[in-house]
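Student: Pasting query-v2.pdb here (PDB, C-alpha atoms):
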```pdb
ATOM      1  CA  MET A   1      19.311   6.874 -15.215
ATOM      2  CA  ASN A   2      19.169   9.357 -12.296
ATOM      3  CA  ALA A   3      17.776  11.864 -14.805
ATOM      4  CA  LEU A   4      14.691   9.641 -15.092
ATOM      5  CA  HIS A   5      14.168   9.834 -11.318
ATOM      6  CA  GLU A   6      14.536  13.620 -11.310
ATOM      7  CA  LYS A   7      12.163  13.973 -14.267
ATOM      8  CA  ARG A   8       9.539  11.817 -12.513
ATOM      9  CA  GLN A   9       9.932  13.752  -9.260
ATOM     10  CA  ALA A  10       9.456  17.051 -11.109
ATOM     11  CA  GLN A  11       6.378  15.712 -12.954
ATOM     12  CA  ARG A  12       4.944  14.499  -9.672
ATOM     13  CA  GLN A  13       5.474  17.841  -7.933
ATOM     14  CA  ILE A  14       3.786  19.699 -10.785
ATOM     15  CA  ALA A  15       0.879  17.207 -10.851
ATOM     16  CA  THR A  16       0.414  17.483  -7.053
ATOM     17  CA  ARG A  17       0.433  21.294  -7.199
ATOM     18  CA  LYS A  18      -2.106  21.315 -10.049
ATOM     19  CA  LEU A  19      -4.391  18.891  -8.202
ATOM     20  CA  GLY A  20      -4.250  21.105  -5.101
ATOM     21  CA  MET A  21      -5.062  24.163  -7.204
ATOM     22  CA  TRP A  22      -8.050  22.585  -9.009
ATOM     23  CA  THR A  23      -9.362  21.046  -5.780
ATOM     24  CA  ALA A  24      -9.258  24.430  -4.038
ATOM     25  CA  ALA A  25     -10.995  26.065  -7.018
ATOM     26  CA  TRP A  26     -13.680  23.358  -7.045
ATOM     27  CA  LEU A  27     -14.297  23.717  -3.292
ATOM     28  CA  ILE A  28     -14.616  27.498  -3.608
ATOM     29  CA  SER A  29     -17.073  27.063  -6.484
ATOM     30  CA  GLN A  30     -19.051  24.606  -4.314
ATOM     31  CA  ALA A  31     -19.341  27.300  -1.627
ATOM     32  CA  ILE A  32     -20.372  29.842  -4.286
ATOM     33  CA  VAL A  33     -23.144  27.522  -5.532
ATOM     34  CA  VAL A  34     -24.543  26.866  -2.040
ATOM     35  CA  PHE A  35     -24.109  30.236  -0.333
ATOM     36  CA  GLY A  36     -24.547  32.330  -3.467
ATOM     37  CA  GLY A  37     -27.693  30.478  -4.501
ATOM     38  CA  SER A  38     -29.281  30.622  -1.068
ATOM     39  CA  LEU A  39     -28.043  33.988   0.275
ATOM     40  CA  ALA A  40     -26.636  36.296  -2.406
ATOM     41  CA  TRP A  41     -28.828  35.606  -5.450
ATOM     42  CA  PRO A  42     -31.781  33.433  -4.294
ATOM     43  CA  GLU A  43     -34.007  34.742  -7.136
ATOM     44  CA  ALA A  44     -31.472  34.815 -10.001
ATOM     45  CA  THR A  45     -31.869  31.496 -11.854
ATOM     46  CA  SER A  46     -29.301  32.415 -14.503
ATOM     47  CA  LEU A  47     -26.620  33.003 -11.843
ATOM     48  CA  LYS A  48     -27.509  29.699 -10.192
ATOM     49  CA  VAL A  49     -27.155  27.873 -13.538
ATOM     50  CA  LEU A  50     -23.893  29.688 -14.254
ATOM     51  CA  SER A  51     -22.421  28.851 -10.840
ATOM     52  CA  ILE A  52     -23.358  25.162 -11.077
ATOM     53  CA  GLY A  53     -21.901  25.037 -14.612
ATOM     54  CA  LEU A  54     -18.650  26.507 -13.287
ATOM     55  CA  ASN A  55     -18.704  24.032 -10.394
ATOM     56  CA  ILE A  56     -19.035  21.046 -12.759
ATOM     57  CA  ALA A  57     -16.334  22.390 -15.113
ATOM     58  CA  LEU A  58     -13.893  22.874 -12.213
ATOM     59  CA  GLY A  59     -14.792  19.404 -10.890
ATOM     60  CA  LEU A  60     -13.907  17.888 -14.271
ATOM     61  CA  MET A  61     -10.581  19.738 -14.238
ATOM     62  CA  MET A  62      -9.920  18.341 -10.745
ATOM     63  CA  ILE A  63     -10.620  14.790 -11.979
ATOM     64  CA  GLY A  64      -8.209  15.333 -14.905
ATOM     65  CA  ALA A  65      -5.537  16.631 -12.500
ATOM     66  CA  ASN A  66      -6.016  13.571 -10.278
ATOM     67  CA  ARG A  67      -5.587  11.313 -13.314
ATOM     68  CA  ASN A  68      -2.352  13.113 -14.209
ATOM     69  CA  LEU A  69      -1.069  12.711 -10.642
ATOM     70  CA  ILE A  70      -1.758   8.964 -10.759
ATOM     71  CA  LYS A  71       0.093   8.750 -14.089
ATOM     72  CA  SER A  72       3.113  10.419 -12.468
ATOM     73  CA  LEU A  73       3.306   7.839  -9.652
ATOM     74  CA  ASP A  74       5.555   4.803  -9.862
ATOM     75  CA  GLU A  75       4.145   1.320 -10.582
ATOM     76  CA  LEU A  76       3.728   0.187  -6.957
ATOM     77  CA  GLU A  77       2.146   3.463  -5.834
ATOM     78  CA  ARG A  78      -0.203   3.342  -8.836
ATOM     79  CA  GLN A  79      -1.298  -0.191  -7.945
ATOM     80  CA  GLN A  80      -1.915   0.847  -4.314
ATOM     81  CA  GLN A  81      -3.966   3.855  -5.418
ATOM     82  CA  LEU A  82      -6.022   1.882  -7.952
ATOM     83  CA  GLU A  83      -6.794  -0.919  -5.474
ATOM     84  CA  SER A  84      -7.859   1.647  -2.864
ATOM     85  CA  MET A  85     -10.054   3.450  -5.396
ATOM     86  CA  GLY A  86     -11.630   0.169  -6.510
ATOM     87  CA  ILE A  87     -12.505  -0.872  -2.959
ATOM     88  CA  THR A  88     -13.784   2.630  -2.173
ATOM     89  CA  LEU A  89     -15.979   2.648  -5.284
ATOM     90  CA  GLY A  90     -17.414  -0.781  -4.497
ATOM     91  CA  LEU A  91     -18.057  -0.067  -0.829
ATOM     92  CA  THR A  92     -19.611   3.313  -1.641
ATOM     93  CA  LEU A  93     -22.024   1.651  -4.062
ATOM     94  CA  VAL A  94     -23.009  -1.114  -1.631
ATOM     95  CA  VAL A  95     -23.119   0.979   1.555
ATOM     96  CA  GLY A  96     -24.651   3.976  -0.258
ATOM     97  CA  LEU A  97     -27.550   1.924  -1.600
ATOM     98  CA  ALA A  98     -28.055   0.179   1.753
ATOM     99  CA  PHE A  99     -28.034   3.604   3.451
ATOM    100  CA  SER A 100     -30.615   4.916   0.988
ATOM    101  CA  SER A 101     -32.752   1.780   1.428
ATOM    102  CA  LEU A 102     -32.717   2.218   5.216
ATOM    103  CA  HIS A 103     -34.169   5.678   4.684
ATOM    104  CA  ILE A 104     -36.815   4.415   2.218
ATOM    105  CA  ILE A 105     -38.022   1.613   4.510
ATOM    106  CA  LYS A 106     -37.982   4.065   7.443
ATOM    107  CA  LEU A 107     -35.462   2.176   9.570
ATOM    108  CA  MET A 108     -33.284   5.276   9.930
ATOM    109  CA  PRO A 109     -34.462   8.195  12.073
ATOM    110  CA  PHE A 110     -32.567  10.825  10.025
ATOM    111  CA  ASP A 111     -32.270  11.866   6.348
ATOM    112  CA  ALA A 112     -29.808  10.021   4.066
ATOM    113  CA  GLU A 113     -27.623  13.060   3.353
ATOM    114  CA  ILE A 114     -25.076  12.870   0.501
ATOM    115  CA  SER A 115     -22.478  14.422   2.860
ATOM    116  CA  TYR A 116     -22.445  11.200   4.923
ATOM    117  CA  LEU A 117     -21.569   9.276   1.776
ATOM    118  CA  VAL A 118     -18.768  11.722   0.910
ATOM    119  CA  MET A 119     -17.329  11.329   4.427
ATOM    120  CA  PHE A 120     -17.631   7.542   4.141
ATOM    121  CA  MET A 121     -15.770   7.623   0.797
ATOM    122  CA  GLY A 122     -12.963   9.751   2.204
ATOM    123  CA  ILE A 123     -12.477   7.584   5.297
ATOM    124  CA  THR A 124     -12.677   4.328   3.291
ATOM    125  CA  TYR A 125     -10.118   5.596   0.792
ATOM    126  CA  LEU A 126      -7.676   6.675   3.520
ATOM    127  CA  VAL A 127      -8.032   3.401   5.454
ATOM    128  CA  THR A 128      -7.647   1.174   2.364
ATOM    129  CA  LEU A 129      -4.652   3.215   1.179
ATOM    130  CA  ALA A 130      -2.980   2.858   4.593
ATOM    131  CA  ILE A 131      -3.638  -0.920   4.529
ATOM    132  CA  ASN A 132      -2.231  -1.182   0.989
ATOM    133  CA  LYS A 133       0.895   0.803   1.941
ATOM    134  CA  LYS A 134       1.442  -1.504   4.933
ATOM    135  CA  ARG A 135       0.876  -4.637   2.807
ATOM    136  CA  PHE A 136       3.862  -3.927   0.562
ATOM    137  CA  GLN A 137       6.302  -2.841   3.301
TER     138      GLN A 137
ATOM    139  CA  MET B   1       8.477 -14.069  -7.983
ATOM    140  CA  LYS B   2      11.897 -14.809  -6.447
ATOM    141  CA  ASN B   3      14.775 -12.549  -7.423
ATOM    142  CA  ARG B   4      18.461 -11.822  -6.800
ATOM    143  CA  ILE B   5      18.167  -8.046  -6.610
ATOM    144  CA  ARG B   6      19.404  -7.760  -3.027
ATOM    145  CA  ASP B   7      22.587  -9.720  -3.864
ATOM    146  CA  LEU B   8      23.191  -7.864  -7.120
ATOM    147  CA  ARG B   9      22.608  -4.533  -5.374
ATOM    148  CA  SER B  10      25.010  -5.410  -2.565
ATOM    149  CA  ALA B  11      27.629  -6.485  -5.098
ATOM    150  CA  LYS B  12      27.430  -3.025  -6.664
ATOM    151  CA  ASP B  13      27.458  -1.402  -3.201
ATOM    152  CA  LEU B  14      24.128   0.320  -3.810
ATOM    153  CA  THR B  15      21.497   1.145  -1.191
ATOM    154  CA  GLN B  16      17.792   0.657  -1.950
ATOM    155  CA  GLU B  17      17.541   4.439  -2.280
ATOM    156  CA  ASP B  18      20.432   4.530  -4.799
ATOM    157  CA  LEU B  19      18.897   1.734  -6.863
ATOM    158  CA  ALA B  20      15.464   3.386  -6.760
ATOM    159  CA  LYS B  21      16.960   6.610  -8.133
ATOM    160  CA  GLU B  22      18.900   4.736 -10.796
ATOM    161  CA  ILE B  23      15.827   3.049 -12.241
ATOM    162  CA  GLY B  24      13.265   5.797 -11.533
ATOM    163  CA  VAL B  25      11.019   4.175  -8.901
ATOM    164  CA  SER B  26      10.487   4.746  -5.163
ATOM    165  CA  ARG B  27      12.580   3.073  -2.427
ATOM    166  CA  GLN B  28       9.399   1.329  -1.226
ATOM    167  CA  THR B  29       9.037  -0.257  -4.660
ATOM    168  CA  ILE B  30      12.589  -1.647  -4.538
ATOM    169  CA  ASN B  31      11.931  -2.990  -1.039
ATOM    170  CA  ALA B  32       8.665  -4.653  -2.133
ATOM    171  CA  ILE B  33      10.346  -6.203  -5.210
ATOM    172  CA  GLU B  34      13.269  -7.524  -3.146
ATOM    173  CA  LYS B  35      10.876  -9.117  -0.671
ATOM    174  CA  GLY B  36       8.897 -10.696  -3.514
ATOM    175  CA  LYS B  37       5.755  -8.805  -2.546
ATOM    176  CA  PHE B  38       5.512  -6.948  -5.839
ATOM    177  CA  ASP B  39       6.369  -7.985  -9.389
ATOM    178  CA  PRO B  40       7.939  -5.152 -11.380
ATOM    179  CA  SER B  41       6.741  -3.999 -14.784
ATOM    180  CA  LEU B  42       8.633  -5.070 -17.899
ATOM    181  CA  PRO B  43      10.361  -1.642 -18.345
ATOM    182  CA  THR B  44      11.568  -1.783 -14.710
ATOM    183  CA  ALA B  45      12.813  -5.354 -15.186
ATOM    184  CA  PHE B  46      14.739  -4.254 -18.306
ATOM    185  CA  ARG B  47      16.230  -1.263 -16.448
ATOM    186  CA  LEU B  48      17.396  -3.609 -13.687
ATOM    187  CA  SER B  49      18.819  -5.967 -16.287
ATOM    188  CA  LEU B  50      20.750  -3.124 -17.967
ATOM    189  CA  LEU B  51      22.049  -1.762 -14.658
ATOM    190  CA  PHE B  52      23.225  -5.134 -13.323
ATOM    191  CA  GLU B  53      24.402  -6.270 -16.782
ATOM    192  CA  THR B  54      22.542  -9.519 -16.194
ATOM    193  CA  PRO B  55      19.762 -11.029 -18.332
ATOM    194  CA  ILE B  56      16.250 -10.762 -16.871
ATOM    195  CA  GLU B  57      16.082 -14.525 -16.335
ATOM    196  CA  GLY B  58      19.300 -14.209 -14.328
ATOM    197  CA  ILE B  59      17.620 -11.749 -11.963
ATOM    198  CA  PHE B  60      14.112 -13.175 -11.667
ATOM    199  CA  GLU B  61      12.965 -16.730 -11.158
ATOM    200  CA  PHE B  62       9.459 -17.367 -12.422
ATOM    201  CA  GLU B  63       7.166 -19.405 -10.178
ATOM    202  CA  GLU B  64       3.664 -20.460 -11.208
ATOM    203  CA  ALA B  65       1.239 -18.970  -8.676
TER     204      ALA B  65
END
```
Could I get this file's structure written as C-alpha cells?
Tutor:
Amino acid sequence: MNALHEKRQAQRQIATRKLGMWTAAWLISQAIVVFGGSLAWPEATSLKVLSIGLNIALGLMMIGANRNLIKSLDELERQQQLESMGITLGLTLVVGLAFSSLHIIKLMPFDAEISYLVMFMGITYLVTLAINKKRFQ
Amino acid sequence: MKNRIRDLRSAKDLTQEDLAKEIGVSRQTINAIEKGKFDPSLPTAFRLSLLFETPIEGIFEFEEA
C-alpha cells in the first residue's frame, strides 16, 4: 500500500503548487485593481470593470485550488483544517459585526477598515490551526 | 476509542512512519490514533485490518462516549 502514500504525496504537492500559483495570481490582480484603477486608468471605467472581473475570477480559482488541497490531505489534517476554518468563520462574523457596530455607534476613533478583518482572519486561522495540531499530538 | 495498534505494529516491527506509509496517512495520524485522540475513518480501519490480518473488532474496542 506504499503506492497509495506516494500517490497522495504527489497529489498534495501538485495541489499545494496550484494553490500557490492561483494565490499569487489573485494577489497580483488585487494590486492591478487598486493601483491600476487609481493611478494608471483612473478615468477608464471599462478597464476598472475588467480588472475587478479578472480579480473575482482568479479569486474563485484560488478557492477551488484550496478545496483541492484540503481534499488531498489525510483525515486528521482535514479535520484540523475544517475545525480551524469553522472557528475562524464564526469569530470573523462575531468580531467583524462588533467591530462595525463600534464604528457605527462612534465608540472607535478610526475607520472600520476591511484590512483589519482580513488580518484578524489570518491570525485567528493560524492560532486555531496551531492549537488543533497540538491537541492531537 | 481504545485500540491495539501499538502492539500490533510492534509485533510486525513497524515504526509509526512505516505504518503511516503502508496505509496512506501521516505519521501524526497514526500517533493520534494510537493515543486514542482520533478515531480513524472506515477505509483506514479496513486498511489496518488488512495489514494486521486481524478483524476490525480485534483492533478497536468501542466505548460509548
Student: Once the PyMOL selection byres ((chain B) within 10 of (chain A)) is applied to the coordinates I shared, what remains selected? I want it as a ChimeraX atom specification.
Tutor: /B:18-26,28-33,35-41,44,47,51
Student: Go ahead and write the selection's residues with C-alpha atoms as a compact mmCIF listing (two decimals), in the coordinates of the input.
Tutor:
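Below you can see selection_6.txt, which holds the result:
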```
# COMPACT_ATOMS: atom_id res chain seq x y z
CA ASP B 18 20.43 4.53 -4.80
CA LEU B 19 18.90 1.73 -6.86
CA ALA B 20 15.46 3.39 -6.76
CA LYS B 21 16.96 6.61 -8.13
CA GLU B 22 18.90 4.74 -10.80
CA ILE B 23 15.83 3.05 -12.24
CA GLY B 24 13.26 5.80 -11.53
CA VAL B 25 11.02 4.18 -8.90
CA SER B 26 10.49 4.75 -5.16
CA GLN B 28 9.40 1.33 -1.23
CA THR B 29 9.04 -0.26 -4.66
CA ILE B 30 12.59 -1.65 -4.54
CA ASN B 31 11.93 -2.99 -1.04
CA ALA B 32 8.66 -4.65 -2.13
CA ILE B 33 10.35 -6.20 -5.21
CA LYS B 35 10.88 -9.12 -0.67
CA GLY B 36 8.90 -10.70 -3.51
CA LYS B 37 5.76 -8.80 -2.55
CA PHE B 38 5.51 -6.95 -5.84
CA ASP B 39 6.37 -7.98 -9.39
CA PRO B 40 7.94 -5.15 -11.38
CA SER B 41 6.74 -4.00 -14.78
CA THR B 44 11.57 -1.78 -14.71
CA ARG B 47 16.23 -1.26 -16.45
CA LEU B 51 22.05 -1.76 -14.66
```
Student: List as an NGL selection string the protein and nucleic acid residues near segment 89-91 of chain A, meaning an atom at most 10 Å away when all atoms listed in the file are counted, but skip any in the same chain fewer than 5 places from it.
Tutor: :A and (83-84 or 96-97 or 120-121 or 124-125)
Student: What is the atom CA of Gly64 of chain A to atom CA of Arg78 of chain A distance in Å?
Tutor: 15.6 Å
Student: Calculate, to one decimal in Å, the centre and edge lengths of the box along x, y and z of the file that holds all listed atoms of segment 35-54 of chain A with 6 Å of margin on each side, and present them as JSON.
Tutor:
```
{"center_x": -26.3, "center_y": 30.7, "center_z": -7.2, "size_x": 27.4, "size_y": 23.3, "size_z": 26.9}
```
Student: Please list as a VMD selection string every residue within 9 Å of Met62 of chain A, counting all atoms listed in the file and excluding residues in the same chain fewer than 6 positions away.
Tutor: chain A and resid 18 to 23 25 to 26
Student: Do you have the atom CA of Ile104 of chain A-atom CA of Ile87 of chain A distance handy?
Tutor: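 Straight-line distance from atom CA of Ile104 of chain A to atom CA of Ile87 of chain A works out to 25.4 Å.
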Student: Neighbours of Phe62 of chain B within 12 Å (all atoms listed in the file; same-chain residues fewer than 6 positions away dropped), as number ranges by chain?
Tutor: B: 1-4, 36, 39, 56
Student: Taking the file as I've supplied it (selection: the PyMOL selection byres ((chain A and resi 29) around 9)), which residues are included? Please answer as a ChimeraX atom specification.
Tutor: /A:24-28,30-34,51-52,54-56,58
Student: The selected residues should be written to file as a JSON list (two decimals), in the frame of the given file (atoms: C-alpha atoms).
Tutor:
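File produced: again_28.json:
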```json
[["chain", "number", "residue", "atom", "x", "y", "z"],
["A", 24, "ALA", "CA", -9.26, 24.43, -4.04],
["A", 25, "ALA", "CA", -11.00, 26.06, -7.02],
["A", 26, "TRP", "CA", -13.68, 23.36, -7.04],
["A", 27, "LEU", "CA", -14.30, 23.72, -3.29],
["A", 28, "ILE", "CA", -14.62, 27.50, -3.61],
["A", 30, "GLN", "CA", -19.05, 24.61, -4.31],
["A", 31, "ALA", "CA", -19.34, 27.30, -1.63],
["A", 32, "ILE", "CA", -20.37, 29.84, -4.29],
["A", 33, "VAL", "CA", -23.14, 27.52, -5.53],
["A", 34, "VAL", "CA", -24.54, 26.87, -2.04],
["A", 51, "SER", "CA", -22.42, 28.85, -10.84],
["A", 52, "ILE", "CA", -23.36, 25.16, -11.08],
["A", 54, "LEU", "CA", -18.65, 26.51, -13.29],
["A", 55, "ASN", "CA", -18.70, 24.03, -10.39],
["A", 56, "ILE", "CA", -19.04, 21.05, -12.76],
["A", 58, "LEU", "CA", -13.89, 22.87, -12.21]]
```
Student: Which distance in Å separates atom CA of Ala15 of chain A and atom CA of Leu69 of chain A, to one decimal?
Tutor: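 Separation of atom CA of Ala15 of chain A and atom CA of Leu69 of chain A: 4.9 Å.
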Student: Ile5 of chain B: which residues within 9 Å, counting only C-alpha atoms, same-chain residues fewer than 6 positions away excluded, as a list in words?
Tutor: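 Contacts, in chain order: Ile30, Ile33, Glu34, Leu48, Phe52, Ile59 and Phe60 of chain B.
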Student: List as a PyMOL selection string: which residues have an atom within 7 Å of (-4.9, 6.3, -12.6), counting all atoms listed in the file?
Tutor: chain A and resi 67+70-71+78+82
